[in-house]
>>> print(open('input.csv').read())   # CSV, N, CA and C atoms and all ligand atoms
chain,number,residue,atom,x,y,z
A,1,MET,N,30.7,30.3,181.8
A,1,MET,CA,30.3,31.0,183.0
A,1,MET,C,30.8,30.3,184.3
A,2,PHE,N,31.6,31.1,185.1
A,2,PHE,CA,32.1,30.5,186.3
A,2,PHE,C,31.0,30.3,187.4
A,3,GLU,N,31.0,29.2,188.0
A,3,GLU,CA,30.1,29.0,189.2
A,3,GLU,C,30.8,29.7,190.4
A,4,ALA,N,30.0,29.9,191.4
A,4,ALA,CA,30.5,30.6,192.6
A,4,ALA,C,31.7,29.9,193.2
A,5,MET,N,31.7,28.6,193.2
A,5,MET,CA,32.8,27.8,193.8
A,5,MET,C,34.1,28.0,193.0
A,6,GLU,N,34.0,28.0,191.7
A,6,GLU,CA,35.2,28.2,190.8
A,6,GLU,C,35.7,29.6,191.0
A,7,ILE,N,34.9,30.6,191.1
A,7,ILE,CA,35.4,32.0,191.4
A,7,ILE,C,36.1,32.0,192.7
A,8,ALA,N,35.6,31.3,193.7
A,8,ALA,CA,36.2,31.3,195.0
A,8,ALA,C,37.6,30.7,195.0
A,9,VAL,N,37.7,29.6,194.2
A,9,VAL,CA,39.0,28.9,194.1
A,9,VAL,C,40.0,29.8,193.4
A,10,VAL,N,39.6,30.5,192.4
A,10,VAL,CA,40.5,31.4,191.7
A,10,VAL,C,40.9,32.6,192.5
A,11,LEU,N,39.9,33.2,193.3
A,11,LEU,CA,40.2,34.4,194.1
A,11,LEU,C,41.0,34.1,195.4
A,12,LEU,N,40.8,32.9,195.9
A,12,LEU,CA,41.4,32.7,197.3
A,12,LEU,C,42.9,32.9,197.3
A,13,PRO,N,43.7,32.4,196.4
A,13,PRO,CA,45.2,32.7,196.4
A,13,PRO,C,45.5,34.2,196.3
A,14,VAL,N,44.7,34.9,195.4
A,14,VAL,CA,44.9,36.3,195.3
A,14,VAL,C,44.7,37.0,196.6
A,15,VAL,N,43.6,36.7,197.3
A,15,VAL,CA,43.3,37.3,198.6
A,15,VAL,C,44.3,37.0,199.6
A,16,LEU,N,44.8,35.7,199.6
A,16,LEU,CA,45.9,35.4,200.6
A,16,LEU,C,47.2,36.1,200.3
A,17,VAL,N,47.6,36.2,199.1
A,17,VAL,CA,48.8,36.9,198.8
A,17,VAL,C,48.7,38.4,199.1
A,18,ALA,N,47.5,39.0,198.7
A,18,ALA,CA,47.3,40.4,199.0
A,18,ALA,C,47.3,40.7,200.5
A,19,GLY,N,46.7,39.7,201.3
A,19,GLY,CA,46.8,39.9,202.7
A,19,GLY,C,48.2,39.8,203.3
A,20,MET,N,49.0,38.9,202.7
A,20,MET,CA,50.4,38.9,203.2
A,20,MET,C,51.1,40.2,202.8
A,21,VAL,N,50.9,40.7,201.6
A,21,VAL,CA,51.6,41.9,201.2
A,21,VAL,C,51.2,43.1,202.2
A,22,VAL,N,49.9,43.2,202.4
A,22,VAL,CA,49.4,44.3,203.3
A,22,VAL,C,50.0,44.1,204.7
A,23,ARG,N,50.0,42.9,205.2
A,23,ARG,CA,50.6,42.7,206.6
A,23,ARG,C,52.1,43.1,206.6
A,24,LEU,N,52.8,42.7,205.6
A,24,LEU,CA,54.3,43.0,205.6
A,24,LEU,C,54.5,44.5,205.5
A,25,VAL,N,53.8,45.1,204.6
A,25,VAL,CA,53.9,46.6,204.4
A,25,VAL,C,53.5,47.3,205.6
A,26,ALA,N,52.4,46.9,206.3
A,26,ALA,CA,51.9,47.6,207.5
A,26,ALA,C,53.0,47.5,208.6
A,27,ARG,N,53.8,46.4,208.6
A,27,ARG,CA,54.8,46.2,209.7
A,27,ARG,C,56.1,46.8,209.2
A,28,GLY,N,56.2,47.4,208.1
A,28,GLY,CA,57.4,48.1,207.6
A,28,GLY,C,58.4,47.1,207.0
A,29,HIS,N,58.0,45.9,206.6
A,29,HIS,CA,58.9,44.9,206.0
A,29,HIS,C,58.9,45.0,204.5
A,30,THR,N,58.9,46.2,203.9
A,30,THR,CA,58.7,46.3,202.5
A,30,THR,C,59.9,45.6,201.7
A,31,GLN,N,61.1,45.7,202.3
A,31,GLN,CA,62.2,45.1,201.6
A,31,GLN,C,62.1,43.6,201.4
A,32,VAL,N,61.4,42.9,202.3
A,32,VAL,CA,61.2,41.5,202.2
A,32,VAL,C,60.5,41.2,200.9
A,33,LEU,N,59.6,42.1,200.4
A,33,LEU,CA,58.9,41.8,199.2
A,33,LEU,C,59.7,42.0,198.0
A,34,LEU,N,60.8,42.7,198.1
A,34,LEU,CA,61.6,43.1,197.0
A,34,LEU,C,62.7,42.0,196.7
A,35,CYS,N,63.0,41.2,197.7
A,35,CYS,CA,64.0,40.2,197.5
A,35,CYS,C,63.7,39.2,196.4
A,36,MET,N,64.6,39.0,195.4
A,36,MET,CA,64.3,38.1,194.3
A,36,MET,C,65.1,36.8,194.4
A,37,GLU,N,65.6,36.6,195.6
A,37,GLU,CA,66.2,35.3,196.0
A,37,GLU,C,67.3,34.9,195.1
A,38,CYS,N,68.1,35.9,194.6
A,38,CYS,CA,69.2,35.6,193.7
A,38,CYS,C,70.4,34.9,194.4
A,39,GLU,N,70.5,35.1,195.7
A,39,GLU,CA,71.5,34.6,196.6
A,39,GLU,C,72.9,35.2,196.4
A,40,LEU,N,73.0,36.3,195.7
A,40,LEU,CA,74.3,37.0,195.6
A,40,LEU,C,74.9,37.4,197.0
A,41,CYS,N,73.9,37.7,197.9
A,41,CYS,CA,74.3,38.1,199.2
A,41,CYS,C,75.0,37.0,200.0
A,42,MET,N,74.6,35.8,199.8
A,42,MET,CA,75.0,34.6,200.6
A,42,MET,C,76.5,34.4,200.4
A,43,GLY,N,77.0,34.7,199.3
A,43,GLY,CA,78.5,34.5,199.1
A,43,GLY,C,79.3,35.6,199.6
A,44,ALA,N,78.6,36.8,199.9
A,44,ALA,CA,79.3,37.9,200.4
A,44,ALA,C,79.3,38.0,201.9
A,45,CYS,N,78.4,37.3,202.5
A,45,CYS,CA,78.3,37.4,204.0
A,45,CYS,C,79.4,36.6,204.7
A,46,PRO,N,80.2,37.3,205.5
A,46,PRO,CA,81.3,36.6,206.2
A,46,PRO,C,80.8,35.4,207.1
A,47,LEU,N,79.6,35.6,207.7
A,47,LEU,CA,79.1,34.5,208.6
A,47,LEU,C,78.7,33.3,207.8
A,48,CYS,N,78.2,33.5,206.5
A,48,CYS,CA,77.8,32.4,205.7
A,48,CYS,C,79.0,31.6,205.2
A,49,VAL,N,80.1,32.4,204.9
A,49,VAL,CA,81.3,31.8,204.5
A,49,VAL,C,81.9,31.0,205.6
A,50,LYS,N,81.9,31.5,206.8
A,50,LYS,CA,82.5,30.8,208.0
A,50,LYS,C,81.6,29.6,208.5
A,51,ARG,N,80.3,29.8,208.5
A,51,ARG,CA,79.5,28.8,209.1
A,51,ARG,C,78.7,27.9,208.1
A,52,GLY,N,78.7,28.3,206.9
A,52,GLY,CA,77.9,27.6,205.9
A,52,GLY,C,76.4,27.6,206.2
A,53,GLU,N,75.8,26.5,206.0
A,53,GLU,CA,74.3,26.5,206.2
A,53,GLU,C,73.8,26.6,207.6
A,54,ALA,N,74.8,26.6,208.5
A,54,ALA,CA,74.4,26.7,210.0
A,54,ALA,C,73.9,28.1,210.3
A,55,PHE,N,74.3,29.1,209.4
A,55,PHE,CA,73.8,30.5,209.6
A,55,PHE,C,72.8,30.8,208.5
A,56,PRO,N,71.6,31.3,208.9
A,56,PRO,CA,70.5,31.5,207.8
A,56,PRO,C,70.9,32.5,206.7
A,57,GLY,N,71.9,33.4,207.0
A,57,GLY,CA,72.3,34.3,205.9
A,57,GLY,C,71.3,35.4,205.6
A,58,PRO,N,71.7,36.4,204.8
A,58,PRO,CA,70.8,37.5,204.5
A,58,PRO,C,69.6,37.1,203.8
A,59,LYS,N,69.7,36.2,202.8
A,59,LYS,CA,68.5,35.8,202.1
A,59,LYS,C,67.5,35.0,203.1
A,60,GLY,N,68.1,34.2,204.0
A,60,GLY,CA,67.4,33.4,204.9
A,60,GLY,C,66.7,34.3,206.0
A,61,ILE,N,67.4,35.4,206.3
A,61,ILE,CA,66.8,36.4,207.3
A,61,ILE,C,65.6,37.0,206.6
A,62,LEU,N,65.6,37.4,205.4
A,62,LEU,CA,64.5,38.0,204.7
A,62,LEU,C,63.4,37.0,204.6
A,63,ALA,N,63.7,35.8,204.2
A,63,ALA,CA,62.7,34.7,204.1
A,63,ALA,C,62.0,34.5,205.4
A,64,ALA,N,62.8,34.5,206.5
A,64,ALA,CA,62.1,34.3,207.8
A,64,ALA,C,61.2,35.4,208.2
A,65,ALA,N,61.6,36.6,207.8
A,65,ALA,CA,60.7,37.8,208.1
A,65,ALA,C,59.4,37.6,207.3
A,66,LYS,N,59.6,37.1,206.1
A,66,LYS,CA,58.4,37.0,205.2
A,66,LYS,C,57.4,35.9,205.6
A,67,THR,N,58.0,34.8,206.1
A,67,THR,CA,57.2,33.7,206.5
A,67,THR,C,56.8,33.7,207.9
A,68,GLY,N,57.4,34.6,208.7
A,68,GLY,CA,57.1,34.7,210.1
A,68,GLY,C,57.9,33.7,211.0
A,69,LYS,N,58.8,33.0,210.4
A,69,LYS,CA,59.6,32.0,211.1
A,69,LYS,C,60.9,32.6,211.7
A,70,VAL,N,60.6,33.7,212.5
A,70,VAL,CA,61.7,34.5,213.1
A,70,VAL,C,62.4,33.7,214.2
A,71,ASP,N,61.6,33.0,215.0
A,71,ASP,CA,62.2,32.2,216.1
A,71,ASP,C,63.2,31.2,215.6
A,72,ALA,N,62.9,30.5,214.5
A,72,ALA,CA,63.8,29.5,213.9
A,72,ALA,C,65.0,30.2,213.4
A,73,ALA,N,64.9,31.4,212.8
A,73,ALA,CA,66.1,32.1,212.3
A,73,ALA,C,67.0,32.5,213.5
A,74,ILE,N,66.3,33.0,214.6
A,74,ILE,CA,67.1,33.4,215.7
A,74,ILE,C,67.8,32.2,216.3
A,75,ALA,N,67.1,31.1,216.4
A,75,ALA,CA,67.7,29.9,217.0
A,75,ALA,C,68.9,29.4,216.1
A,76,ALA,N,68.9,29.8,214.8
A,76,ALA,CA,70.0,29.4,213.9
A,76,ALA,C,71.1,30.4,213.9
A,77,GLY,N,71.0,31.4,214.8
A,77,GLY,CA,72.1,32.4,215.0
A,77,GLY,C,71.9,33.7,214.3
A,78,ALA,N,70.7,34.0,213.8
A,78,ALA,CA,70.6,35.3,213.0
A,78,ALA,C,71.0,36.5,213.8
A,79,LEU,N,70.9,36.5,215.1
A,79,LEU,CA,71.2,37.7,215.9
A,79,LEU,C,72.8,37.9,215.9
A,80,ASP,N,73.5,36.9,215.4
A,80,ASP,CA,75.0,37.0,215.4
A,80,ASP,C,75.4,38.0,214.2
A,81,CYS,N,74.4,38.3,213.4
A,81,CYS,CA,74.7,39.2,212.2
A,81,CYS,C,75.5,40.5,212.8
A,82,THR,N,76.5,40.8,212.2
A,82,THR,CA,77.4,41.9,212.7
A,82,THR,C,77.0,43.3,212.0
A,83,SER,N,76.0,43.3,211.2
A,83,SER,CA,75.6,44.5,210.5
A,83,SER,C,76.7,45.1,209.7
A,84,CYS,N,77.5,44.2,209.1
A,84,CYS,CA,78.7,44.7,208.4
A,84,CYS,C,78.3,45.3,207.0
A,85,GLY,N,77.1,45.0,206.5
A,85,GLY,CA,76.6,45.6,205.3
A,85,GLY,C,77.2,45.0,204.0
A,86,ALA,N,77.9,43.9,204.1
A,86,ALA,CA,78.5,43.3,202.9
A,86,ALA,C,77.4,42.8,202.0
A,87,CYS,N,76.3,42.3,202.6
A,87,CYS,CA,75.1,41.8,201.8
A,87,CYS,C,74.5,42.9,201.0
A,88,THR,N,74.3,44.1,201.7
A,88,THR,CA,73.7,45.2,201.0
A,88,THR,C,74.6,45.7,199.8
A,89,HIS,N,75.9,45.6,200.0
A,89,HIS,CA,76.8,46.1,199.0
A,89,HIS,C,76.7,45.4,197.7
A,90,VAL,N,76.4,44.0,197.8
A,90,VAL,CA,76.3,43.2,196.5
A,90,VAL,C,74.9,43.0,196.0
A,91,CYS,N,73.9,43.4,196.9
A,91,CYS,CA,72.5,43.1,196.5
A,91,CYS,C,72.1,44.0,195.4
A,92,PRO,N,71.6,43.4,194.3
A,92,PRO,CA,71.2,44.3,193.1
A,92,PRO,C,70.1,45.2,193.5
A,93,ARG,N,69.4,45.0,194.6
A,93,ARG,CA,68.3,45.9,195.0
A,93,ARG,C,68.6,46.7,196.2
A,94,GLY,N,69.8,46.6,196.7
A,94,GLY,CA,70.3,47.3,197.8
A,94,GLY,C,69.6,47.0,199.1
A,95,LEU,N,69.1,45.8,199.2
A,95,LEU,CA,68.4,45.4,200.5
A,95,LEU,C,69.3,45.3,201.6
A,96,ALA,N,68.8,45.5,202.8
A,96,ALA,CA,69.6,45.5,204.1
A,96,ALA,C,69.0,44.5,205.1
A,97,PRO,N,69.2,43.2,204.9
A,97,PRO,CA,68.6,42.2,205.9
A,97,PRO,C,69.0,42.5,207.3
A,98,GLN,N,70.1,43.2,207.5
A,98,GLN,CA,70.5,43.5,208.9
A,98,GLN,C,69.5,44.4,209.6
A,99,ARG,N,68.7,45.1,208.9
A,99,ARG,CA,67.7,46.0,209.5
A,99,ARG,C,66.6,45.1,210.2
A,100,GLU,N,66.3,43.9,209.5
A,100,GLU,CA,65.4,43.0,210.1
A,100,GLU,C,66.0,42.5,211.4
A,101,VAL,N,67.3,42.1,211.4
A,101,VAL,CA,67.9,41.6,212.6
A,101,VAL,C,67.9,42.6,213.7
A,102,GLU,N,68.1,43.9,213.3
A,102,GLU,CA,68.1,44.9,214.4
A,102,GLU,C,66.7,45.0,215.0
A,103,ARG,N,65.7,44.8,214.2
A,103,ARG,CA,64.3,44.8,214.8
A,103,ARG,C,64.1,43.7,215.8
A,104,TRP,N,64.6,42.5,215.3
A,104,TRP,CA,64.5,41.3,216.2
A,104,TRP,C,65.2,41.5,217.5
A,105,ARG,N,66.4,42.0,217.4
A,105,ARG,CA,67.3,42.3,218.5
A,105,ARG,C,66.6,43.2,219.5
A,106,ALA,N,66.0,44.3,219.0
A,106,ALA,CA,65.3,45.3,219.8
A,106,ALA,C,64.1,44.7,220.5
A,107,GLU,N,63.4,43.8,219.7
A,107,GLU,CA,62.2,43.2,220.3
A,107,GLU,C,62.6,42.2,221.4
A,108,ALA,N,63.7,41.4,221.2
A,108,ALA,CA,64.2,40.5,222.2
A,108,ALA,C,64.6,41.3,223.5
A,109,GLU,N,65.2,42.5,223.3
A,109,GLU,CA,65.6,43.3,224.5
A,109,GLU,C,64.4,43.8,225.2
A,110,ARG,N,63.3,44.2,224.4
A,110,ARG,CA,62.1,44.7,225.0
A,110,ARG,C,61.4,43.6,225.9
A,111,VAL,N,61.4,42.4,225.3
A,111,VAL,CA,60.8,41.3,226.0
A,111,VAL,C,61.6,41.0,227.3
A,112,ALA,N,62.9,41.0,227.2
A,112,ALA,CA,63.8,40.7,228.3
A,112,ALA,C,63.6,41.7,229.4
A,113,SER,N,63.5,43.0,229.0
A,113,SER,CA,63.4,44.0,230.1
A,113,SER,C,62.0,44.0,230.7
A,114,ARG,N,60.9,43.6,229.9
A,114,ARG,CA,59.6,43.4,230.4
A,114,ARG,C,59.6,42.3,231.5
A,115,HIS,N,60.2,41.2,231.1
A,115,HIS,CA,60.3,40.1,232.1
A,115,HIS,C,61.0,40.5,233.3
A,116,ALA,N,62.1,41.2,233.2
A,116,ALA,CA,62.9,41.6,234.3
A,116,ALA,C,62.0,42.6,235.2
A,117,ALA,N,61.2,43.4,234.6
A,117,ALA,CA,60.4,44.3,235.4
A,117,ALA,C,59.3,43.6,236.1
A,118,GLU,N,58.7,42.5,235.5
A,118,GLU,CA,57.6,41.7,236.1
A,118,GLU,C,58.1,40.8,237.2
A,119,ASP,N,59.4,40.4,237.0
A,119,ASP,CA,59.9,39.4,238.0
A,119,ASP,C,61.3,39.8,238.5
A,120,PRO,N,61.4,40.9,239.2
A,120,PRO,CA,62.7,41.4,239.7
A,120,PRO,C,63.2,40.4,240.7
A,121,ALA,N,64.4,39.8,240.5
A,121,ALA,CA,64.9,38.8,241.4
A,121,ALA,C,65.9,39.4,242.4
A,201,LIG,S1,71.2,39.7,197.0
A,201,LIG,FE1,69.4,40.9,197.6
A,201,LIG,S2,67.8,40.2,196.2
A,201,LIG,FE2,69.4,38.7,196.1
A,201,LIG,S3,68.8,37.1,197.7
A,201,LIG,FE3,70.1,38.6,198.7
A,201,LIG,S4,68.8,40.1,199.6
A,201,LIG,FE4,67.6,39.0,198.0
A,202,LIG,S1,75.1,42.5,207.6
A,202,LIG,FE1,74.8,40.5,208.6
A,202,LIG,S2,73.7,39.2,207.1
A,202,LIG,FE2,74.7,41.0,206.0
A,202,LIG,S3,76.7,40.3,205.3
A,202,LIG,FE3,77.0,41.2,207.3
A,202,LIG,S4,76.8,39.6,208.8
A,202,LIG,FE4,75.9,38.8,206.9
>>> encode(input="input.csv", output="structure tokens")
Amino acid sequence: MFEAMEIAVVLLPVVLVAGMVVRLVARGHTQVLLCMECELCMGACPLCVKRGEAFPGPKGILAAAKTGKVDAAIAAGALDCTSCGACTHVCPRGLAPQREVERWRAEAERVASRHAAEDPA
């Protein structure tokens, strides 16, 4: 018979993972959950080939969306993604990390225009 503490220890990770899934789905990041981290996309991405580990790459972009470390991915040049679609072409699940980058770019533009409206120089 489980004691209350043991039940809580078993259930806590389940609740945390379920919370993460709900949060990602609610924000439209369903493809993040489908990535199986096979890295096939990394060899196909022209920016990964050119810059190596200096560019987060399609898998890194999805990982950043999943963990919420978007600022770090942007600082590493994620917005330089050209939306060429090479990663989607080789991905066994047809995922499109460039869609995440497009969201981040749109959000950065929204923030910039809000700042410009608040502080017209
Ligand atoms: S190829 Fe697709 S499933 Fe594999 S790591 Fe890249 S995005 Fe994820
Ligand atoms: S769409 Fe972006 S992440 Fe995907 S292969 Fe092209 S440059 Fe790389």
>>> closest_atom_pairs(input="input.csv", of="chain A", to="ligand LIG 202 (chain A)", cutoff="7 Å", atoms="only C-alpha atoms and all ligand atoms", output="tab-separated table")
residue	atom	partner	partner_atom	distance
A:Cys41	CA	A:LIG202	S3	6.9
A:Ala44	CA	A:LIG202	S3	6.0
A:Cys45	CA	A:LIG202	S3	3.6
A:Pro46	CA	A:LIG202	FE4	5.9
A:Leu47	CA	A:LIG202	S4	5.6
A:Cys48	CA	A:LIG202	FE4	6.8
A:Gly57	CA	A:LIG202	S2	5.2
A:Pro58	CA	A:LIG202	S2	4.2
A:Cys81	CA	A:LIG202	FE1	3.8
A:Thr82	CA	A:LIG202	S4	4.6
A:Ser83	CA	A:LIG202	S1	3.6
A:Cys84	CA	A:LIG202	FE3	4.0
A:Gly85	CA	A:LIG202	S1	4.1
A:Ala86	CA	A:LIG202	S3	4.2
A:Cys87	CA	A:LIG202	S3	4.1
A:Thr88	CA	A:LIG202	FE2	6.6
A:Pro97	CA	A:LIG202	S2	6.0
A:Gln98	CA	A:LIG202	S1	4.9
>>> write_last_selection(input="input.csv", atoms="N, CA and C atoms", output="PDB file, in the coordinates of the input")
ATOM      1  N   CYS A  41      73.900  37.700 197.900  1.00  0.00           N
ATOM      2  CA  CYS A  41      74.300  38.100 199.200  1.00  0.00           C
ATOM      3  C   CYS A  41      75.000  37.000 200.000  1.00  0.00           C
ATOM      4  N   ALA A  44      78.600  36.800 199.900  1.00  0.00           N
ATOM      5  CA  ALA A  44      79.300  37.900 200.400  1.00  0.00           C
ATOM      6  C   ALA A  44      79.300  38.000 201.900  1.00  0.00           C
ATOM      7  N   CYS A  45      78.400  37.300 202.500  1.00  0.00           N
ATOM      8  CA  CYS A  45      78.300  37.400 204.000  1.00  0.00           C
ATOM      9  C   CYS A  45      79.400  36.600 204.700  1.00  0.00           C
ATOM     10  N   PRO A  46      80.200  37.300 205.500  1.00  0.00           N
ATOM     11  CA  PRO A  46      81.300  36.600 206.200  1.00  0.00           C
ATOM     12  C   PRO A  46      80.800  35.400 207.100  1.00  0.00           C
ATOM     13  N   LEU A  47      79.600  35.600 207.700  1.00  0.00           N
ATOM     14  CA  LEU A  47      79.100  34.500 208.600  1.00  0.00           C
ATOM     15  C   LEU A  47      78.700  33.300 207.800  1.00  0.00           C
ATOM     16  N   CYS A  48      78.200  33.500 206.500  1.00  0.00           N
ATOM     17  CA  CYS A  48      77.800  32.400 205.700  1.00  0.00           C
ATOM     18  C   CYS A  48      79.000  31.600 205.200  1.00  0.00           C
ATOM     19  N   GLY A  57      71.900  33.400 207.000  1.00  0.00           N
ATOM     20  CA  GLY A  57      72.300  34.300 205.900  1.00  0.00           C
ATOM     21  C   GLY A  57      71.300  35.400 205.600  1.00  0.00           C
ATOM     22  N   PRO A  58      71.700  36.400 204.800  1.00  0.00           N
ATOM     23  CA  PRO A  58      70.800  37.500 204.500  1.00  0.00           C
ATOM     24  C   PRO A  58      69.600  37.100 203.800  1.00  0.00           C
ATOM     25  N   CYS A  81      74.400  38.300 213.400  1.00  0.00           N
ATOM     26  CA  CYS A  81      74.700  39.200 212.200  1.00  0.00           C
ATOM     27  C   CYS A  81      75.500  40.500 212.800  1.00  0.00           C
ATOM     28  N   THR A  82      76.500  40.800 212.200  1.00  0.00           N
ATOM     29  CA  THR A  82      77.400  41.900 212.700  1.00  0.00           C
ATOM     30  C   THR A  82      77.000  43.300 212.000  1.00  0.00           C
ATOM     31  N   SER A  83      76.000  43.300 211.200  1.00  0.00           N
ATOM     32  CA  SER A  83      75.600  44.500 210.500  1.00  0.00           C
ATOM     33  C   SER A  83      76.700  45.100 209.700  1.00  0.00           C
ATOM     34  N   CYS A  84      77.500  44.200 209.100  1.00  0.00           N
ATOM     35  CA  CYS A  84      78.700  44.700 208.400  1.00  0.00           C
ATOM     36  C   CYS A  84      78.300  45.300 207.000  1.00  0.00           C
ATOM     37  N   GLY A  85      77.100  45.000 206.500  1.00  0.00           N
ATOM     38  CA  GLY A  85      76.600  45.600 205.300  1.00  0.00           C
ATOM     39  C   GLY A  85      77.200  45.000 204.000  1.00  0.00           C
ATOM     40  N   ALA A  86      77.900  43.900 204.100  1.00  0.00           N
ATOM     41  CA  ALA A  86      78.500  43.300 202.900  1.00  0.00           C
ATOM     42  C   ALA A  86      77.400  42.800 202.000  1.00  0.00           C
ATOM     43  N   CYS A  87      76.300  42.300 202.600  1.00  0.00           N
ATOM     44  CA  CYS A  87      75.100  41.800 201.800  1.00  0.00           C
ATOM     45  C   CYS A  87      74.500  42.900 201.000  1.00  0.00           C
ATOM     46  N   THR A  88      74.300  44.100 201.700  1.00  0.00           N
ATOM     47  CA  THR A  88      73.700  45.200 201.000  1.00  0.00           C
ATOM     48  C   THR A  88      74.600  45.700 199.800  1.00  0.00           C
ATOM     49  N   PRO A  97      69.200  43.200 204.900  1.00  0.00           N
ATOM     50  CA  PRO A  97      68.600  42.200 205.900  1.00  0.00           C
ATOM     51  C   PRO A  97      69.000  42.500 207.300  1.00  0.00           C
ATOM     52  N   GLN A  98      70.100  43.200 207.500  1.00  0.00           N
ATOM     53  CA  GLN A  98      70.500  43.500 208.900  1.00  0.00           C
ATOM     54  C   GLN A  98      69.500  44.400 209.600  1.00  0.00           C
TER      55      GLN A  98
END
>>> residues_around(input="input.csv", residues="range 13-23 of chain A", least_positions_apart="3", cutoff="12 Å", atoms="only C-alpha atoms", output="ChimeraX atom specification")
/A:7-10,26-34,65-68
>>> closest_residue(input="input.csv", among="A:Ala106, A:Ala78, A:Leu40, A:Leu12", to="ligand LIG 201 (chain A)", atoms="all atoms listed in the file")
A:Leu40
>>> residues_near_ligand(input="input.csv", ligand="ligand LIG 201 (chain A)", cutoff="6 Å", atoms="all atoms listed in the file", output="list in words")
Leu34, Cys35, Met36, Glu37, Cys38, Glu39, Leu40, Cys41, Met42, Pro58, Lys59, Val90, Cys91, Pro92, Arg93, Gly94 and Leu95 of chain A
>>> select_by_dssp(input="input.csv", residues="chain A", states="alpha helix (DSSP H)", output="VMD selection string")
chain A and resid 4 to 26 30 to 34 40 to 44 46 to 51 57 to 67 70 to 75 86 to 90 97 to 118
>>> atom_distance(input="input.csv", atom1="atom N of Glu102 in chain A", atom2="CA of Leu79 in chain A")
7.4 Å
>>> atom_distance(input="input.csv", atom1="CA of Phe55 in chain A", atom2="CA of Ile74 in chain A")
9.5 Å
>>> atom_distance(input="input.csv", atom1="atom C of Ala117 in chain A", atom2="atom C of Val70 in chain A")
24.2 Å
